[in-house]
Amino acid sequence: MDSSFNLEDIAPIAVLMDELRSEDVQLRLNAIHSIPTIALALGPDRARDELVPFLQDSVDDEDEVLLALAEELGRNFEEYIGGPLYAHVLLGPLENLSAVEETLVRDKAAESISKIAAILSTTQVEEHYIPLLKRLSHGEWFTSRTSSAALYSPVYPKVSPATQDELRKAFAALGADDTPMVRRAAARWLGPFVKNLSKHHVLSDGLPVYRRLQSDDQDSVRLLTVEDLIVIAQQLTPSEVKDQLLKQIRHSVADKSWRVRYMAATHFNELAEAVGAELVREELIGQYVQLLKDNEAEVRTAAAGQIPGFSKLIEREVILARIVPCVRDLSHDTSQHVRAALANQISGLAPLLGREATVEHLLPLFLHLLKDEFSEVRLNVISKLETVNGAYVKPATINLKKLTEVFGVEWAKVAIVPKVVDMGQHPNYLYRMTTVQAITTISPSLTLSIIQTEIITPLLQLAVDPIPNIRFNVAKALEVLAASFGDAPEGKEFVKQKVIPVLEQQKNDGDADVRYFSTRALQKALSVLERSG
């Protein structure tokens, strides 16, 4: 803005001060969000000399207002005070915000300080940032020490080796702090810090801090070290992992607190990828099985979510010998959440096992889960059925017909079809969509009689569903029915009477996609009739 701006020099700051004294929180919030405009009106010099010191003294306010201030100062605010050359000036108010009681404000302040660190020169870091970091790290209140943990990694690569030595020692002190909140912060930020260390310093400095935190008496600290373990393992060779981390891996997986085991289960695939194939084979398979059989349902749920990812890292024979028996047990788990997580993942094993083993071992479990009393379990299975069907069962000789031969068509009629059809009445369109997709998938495996008595009426009701996506998926399903049953005399009659009239109607639908798919399905149906005619 041009320098002739002269509505009484003091006006912008005075207005801000007045609004920040207002009893109305919303007015104070608006005032904070307007500080870029005020800074622009003041110009860089006055923004630095007057606005920033004023903001530095404005930390006695509602958390909501302080959070907004911490955020604004990290939004390239240096542009209003003269550019990166003066960015360090913003560290003052942010340092104050880093020590307040409310965690959200402190976290946002630390985030903004980290953004500013990225644009500071080495000199600015040494002269302004490092002293701030030392003050926070040695603060009397745990709040400032907690905030400091996030601020080591952004500047570690920018400082001299001597300062790096100091930073490693100071971070180690946070990891041994008397206050659990500070040790938690150290555990949370150890991973990002370790990523900046040389291999030598990972072993000499990072590892001891990790080991101390991993054996902390507070489980809220220990659970955060699982991600640190992964980062450290990524920095080391497989043999170093074996020598240096094996004990800790075992401890985390078998921790007495289910919350730590839950974190280990949640991040198990990342850990397995980080430690290398040999250790996976020798150690992690057994530990993974242990998590799949954990006493706590939450842990089993998290472990079930990792099944396909972990199985990709091991041989097919091992999946069959060690993982599939656990999958079988989990499909009968007492917790519906475990069964739902398994239902969501089980199809991922199919490509790893191959066609025959899928039909022999997995599909019976799919069918068992399809009978589950909880809809989420059934829905998860059905939504993944197409994956398995498409990959392994569609080749004509091995499809779901093979299963209906084993279990009987009547069994399919009782066990699968009612579950599929019921969801077609659901008010949530995703359930209705699942019905249509499941019909498309399983119809080729059923008899015409079951299609006529159980399937076609609910399917045709969905042909006029208000959701176009469902209507065009019905057209796709009718195409599959025509292709599957149109060759036989009875099927031909069925296609003429039930399929073609609906597709003729859909051809004039108001939605372009419905018109496209119904026209395509109609052509297919007519060509099947001509062929069988």
# chains A, B, ... in the order shown; residues from 1 in each chain; ligands from 1

call {"tool": "residues_around", "arguments": {"residues": "Arg520 in chain A", "least_positions_apart": "3", "cutoff": "9 Å", "atoms": "only C-alpha atoms", "output": "NGL selection string"}}
result
:A and (475-476 or 479 or 515-517 or 523-525)

call {"tool": "residues_around", "arguments": {"residues": "Gly206 in chain A", "least_positions_apart": "6", "cutoff": "10 Å", "atoms": "only C-alpha atoms", "output": "ChimeraX atom specification"}}
result
/A:168,171-172,190-191,193-195,197-200,228,232

call {"tool": "atom_distance", "arguments": {"atom1": "CA of Val414 in chain A", "atom2": "CA of Lys371 in chain A"}}
result
9.4 Å

call {"tool": "closest_residue", "arguments": {"among": "A:Asp177, A:Asp465, A:Glu278, A:Asp511", "to": "Val221 in chain A", "atoms": "only C-alpha atoms"}}
result
A:Asp177

call {"tool": "select_by_dssp", "arguments": {"residues": "range 144-269 of chain A", "states": "alpha helix (DSSP H)", "output": "VMD selection string"}}
result
chain A and resid 144 to 148 161 to 175 180 to 194 199 to 201 207 to 214 219 to 222 225 to 235 238 to 253 258 to 266 268 to 269

call {"tool": "closest_residue", "arguments": {"among": "A:Arg184, A:Lys158, A:Lys413, A:Arg322", "to": "Val125 in chain A", "atoms": "only C-alpha atoms"}}
result
A:Lys158

call {"tool": "residues_around", "arguments": {"residues": "range 300-308 of chain A", "least_positions_apart": "2", "cutoff": "6 Å", "atoms": "only C-alpha atoms", "output": "short mmCIF file (atom, residue, chain, number, x, y, z; two decimals) with N, CA, C and O atoms, in the first residue's frame"}}
result
data_model
loop_
_atom_site.label_atom_id
_atom_site.label_comp_id
_atom_site.auth_asym_id
_atom_site.auth_seq_id
_atom_site.Cartn_x
_atom_site.Cartn_y
_atom_site.Cartn_z
N ALA A 265 0.00 -53.40 16.33
CA ALA A 265 -0.82 -54.09 15.32
C ALA A 265 -1.16 -53.14 14.18
O ALA A 265 -1.10 -53.51 13.00
N THR A 266 -1.50 -51.89 14.51
CA THR A 266 -1.90 -50.90 13.50
C THR A 266 -0.76 -50.62 12.52
O THR A 266 -0.99 -50.39 11.34
N LEU A 292 -2.90 -61.46 16.18
CA LEU A 292 -4.19 -61.92 15.64
C LEU A 292 -4.97 -62.72 16.68
O LEU A 292 -6.19 -62.85 16.60
N ASP A 294 -4.71 -61.99 20.02
CA ASP A 294 -4.66 -61.18 21.25
C ASP A 294 -5.96 -61.29 22.05
O ASP A 294 -7.04 -61.54 21.48
N ALA A 297 -10.17 -57.37 21.79
CA ALA A 297 -10.80 -57.28 20.47
C ALA A 297 -10.22 -56.13 19.64
O ALA A 297 -10.06 -56.25 18.42
N GLU A 298 -9.90 -55.00 20.30
CA GLU A 298 -9.35 -53.85 19.56
C GLU A 298 -8.04 -54.22 18.87
O GLU A 298 -7.78 -53.78 17.74
N PHE A 310 0.61 -57.78 5.22
CA PHE A 310 1.66 -58.59 5.83
C PHE A 310 1.88 -59.86 5.02
O PHE A 310 3.02 -60.29 4.81
N SER A 311 0.79 -60.45 4.54
CA SER A 311 0.90 -61.71 3.80
C SER A 311 1.70 -61.55 2.51
O SER A 311 2.32 -62.51 2.04
N VAL A 338 -14.17 -57.22 14.95
CA VAL A 338 -13.09 -58.06 14.41
C VAL A 338 -13.56 -58.71 13.11
O VAL A 338 -12.87 -58.70 12.09
N ALA A 341 -13.73 -56.18 10.30
CA ALA A 341 -12.40 -55.83 9.79
C ALA A 341 -11.86 -56.95 8.90
O ALA A 341 -11.29 -56.71 7.84
N LEU A 342 -12.09 -58.18 9.36
CA LEU A 342 -11.65 -59.34 8.56
C LEU A 342 -12.39 -59.38 7.22
O LEU A 342 -11.78 -59.57 6.16
N GLY A 348 -8.19 -59.69 0.00
CA GLY A 348 -6.82 -59.38 -0.38
C GLY A 348 -5.89 -60.59 -0.36
O GLY A 348 -4.80 -60.56 -0.94
N LEU A 349 -6.34 -61.67 0.29
CA LEU A 349 -5.51 -62.89 0.31
C LEU A 349 -5.65 -63.69 -0.98
O LEU A 349 -4.78 -64.47 -1.33
#

call {"tool": "residues_around", "arguments": {"residues": "Asn96 in chain A", "least_positions_apart": "5", "cutoff": "10 Å", "atoms": "only C-alpha atoms", "output": "PyMOL selection string"}}
result
chain A and resi 55-59+70+91+106+109+136+144

call {"tool": "write_last_selection", "arguments": {"atoms": "N, CA, C and O atoms", "output": "PDB file, in the first residue's frame"}}
result
ATOM      1  N   LEU A  55       1.119  -7.903  19.652  1.00  0.00           N
ATOM      2  CA  LEU A  55       0.619  -9.285  19.601  1.00  0.00           C
ATOM      3  C   LEU A  55       1.334 -10.164  20.617  1.00  0.00           C
ATOM      4  O   LEU A  55       0.762 -11.093  21.180  1.00  0.00           O
ATOM      5  N   GLN A  56       2.609  -9.840  20.841  1.00  0.00           N
ATOM      6  CA  GLN A  56       3.393 -10.630  21.791  1.00  0.00           C
ATOM      7  C   GLN A  56       2.824 -10.511  23.208  1.00  0.00           C
ATOM      8  O   GLN A  56       2.928 -11.427  24.012  1.00  0.00           O
ATOM      9  N   ASP A  57       2.191  -9.376  23.473  1.00  0.00           N
ATOM     10  CA  ASP A  57       1.608  -9.166  24.810  1.00  0.00           C
ATOM     11  C   ASP A  57       0.140  -9.608  24.886  1.00  0.00           C
ATOM     12  O   ASP A  57      -0.497  -9.440  25.911  1.00  0.00           O
ATOM     13  N   SER A  58      -0.385 -10.118  23.765  1.00  0.00           N
ATOM     14  CA  SER A  58      -1.828 -10.418  23.718  1.00  0.00           C
ATOM     15  C   SER A  58      -2.140 -11.884  23.961  1.00  0.00           C
ATOM     16  O   SER A  58      -3.001 -12.439  23.303  1.00  0.00           O
ATOM     17  N   VAL A  59      -1.416 -12.533  24.863  1.00  0.00           N
ATOM     18  CA  VAL A  59      -1.664 -13.970  25.039  1.00  0.00           C
ATOM     19  C   VAL A  59      -2.622 -14.272  26.187  1.00  0.00           C
ATOM     20  O   VAL A  59      -2.852 -15.424  26.515  1.00  0.00           O
ATOM     21  N   ALA A  70      -2.006 -17.961  16.553  1.00  0.00           N
ATOM     22  CA  ALA A  70      -0.903 -18.887  16.233  1.00  0.00           C
ATOM     23  C   ALA A  70      -0.954 -19.282  14.759  1.00  0.00           C
ATOM     24  O   ALA A  70       0.079 -19.411  14.092  1.00  0.00           O
ATOM     25  N   LEU A  91       9.017 -14.960  16.011  1.00  0.00           N
ATOM     26  CA  LEU A  91       9.245 -16.018  17.007  1.00  0.00           C
ATOM     27  C   LEU A  91       8.821 -15.573  18.405  1.00  0.00           C
ATOM     28  O   LEU A  91       8.444 -16.392  19.235  1.00  0.00           O
ATOM     29  N   ARG A 106      -0.779 -24.632  21.664  1.00  0.00           N
ATOM     30  CA  ARG A 106       0.671 -24.916  21.678  1.00  0.00           C
ATOM     31  C   ARG A 106       1.086 -25.647  20.400  1.00  0.00           C
ATOM     32  O   ARG A 106       2.104 -25.324  19.789  1.00  0.00           O
ATOM     33  N   ALA A 109       1.113 -23.270  17.506  1.00  0.00           N
ATOM     34  CA  ALA A 109       2.263 -22.353  17.615  1.00  0.00           C
ATOM     35  C   ALA A 109       3.541 -23.060  17.171  1.00  0.00           C
ATOM     36  O   ALA A 109       4.350 -22.506  16.416  1.00  0.00           O
ATOM     37  N   LEU A 136      12.554 -22.653  25.754  1.00  0.00           N
ATOM     38  CA  LEU A 136      11.384 -23.532  25.853  1.00  0.00           C
ATOM     39  C   LEU A 136      11.762 -24.877  26.480  1.00  0.00           C
ATOM     40  O   LEU A 136      11.038 -25.429  27.306  1.00  0.00           O
ATOM     41  N   SER A 144       5.887 -25.461  28.105  1.00  0.00           N
ATOM     42  CA  SER A 144       6.887 -24.983  27.136  1.00  0.00           C
ATOM     43  C   SER A 144       7.847 -26.110  26.759  1.00  0.00           C
ATOM     44  O   SER A 144       8.254 -26.237  25.604  1.00  0.00           O
TER      45      SER A 144
END

call {"tool": "atom_distance", "arguments": {"atom1": "CA of Pro501 in chain A", "atom2": "CA of Ile451 in chain A"}}
result
16.9 Å

call {"tool": "atom_distance", "arguments": {"atom1": "CA of Arg75 in chain A", "atom2": "CA of Ala185 in chain A"}}
result
24.1 Å

call {"tool": "residues_around", "arguments": {"residues": "Ala274 in chain A", "least_positions_apart": "4", "cutoff": "8 Å", "atoms": "only C-alpha atoms", "output": "PyMOL selection string"}}
result
chain A and resi 230+233-234+270

call {"tool": "closest_atom_pairs", "arguments": {"of": "range 187-292 of chain A", "to": "range 315-320 of chain A", "cutoff": "12 Å", "atoms": "only C-alpha atoms", "output": "Markdown table"}}
result
| residue | atom | partner | partner_atom | distance |
| --- | --- | --- | --- | --- |
| A:Ala277 | CA | A:Glu315 | CA | 10.6 |
| A:Val280 | CA | A:Glu315 | CA | 10.9 |
| A:Arg281 | CA | A:Glu315 | CA | 9.1 |
| A:Glu282 | CA | A:Val318 | CA | 11.9 |
| A:Ile285 | CA | A:Val318 | CA | 8.8 |
| A:Gly286 | CA | A:Val318 | CA | 11.0 |
| A:Tyr288 | CA | A:Ile319 | CA | 11.7 |
| A:Val289 | CA | A:Ile319 | CA | 10.8 |

call {"tool": "write_last_selection", "arguments": {"atoms": "C-alpha atoms", "output": "CSV table (one decimal), in the first residue's frame"}}
result
chain,number,residue,atom,x,y,z
A,277,ALA,CA,12.7,-60.3,4.9
A,280,VAL,CA,10.0,-61.1,9.1
A,281,ARG,CA,10.6,-64.8,8.5
A,282,GLU,CA,12.4,-65.5,11.8
A,285,ILE,CA,5.4,-64.1,11.6
A,286,GLY,CA,5.1,-65.5,15.1
A,288,TYR,CA,1.9,-61.3,14.1
A,289,VAL,CA,0.0,-64.5,14.9

call {"tool": "residues_around", "arguments": {"residues": "range 486-493 of chain A", "least_positions_apart": "5", "cutoff": "8 Å", "atoms": "only C-alpha atoms", "output": "JSON, numbers by chain"}}
result
{"A": [448, 481, 525, 528, 529, 531, 532]}

call {"tool": "closest_residue", "arguments": {"among": "A:Leu51, A:Leu279, A:Val253, A:Val155", "to": "His267 in chain A", "atoms": "only C-alpha atoms"}}
result
A:Val253
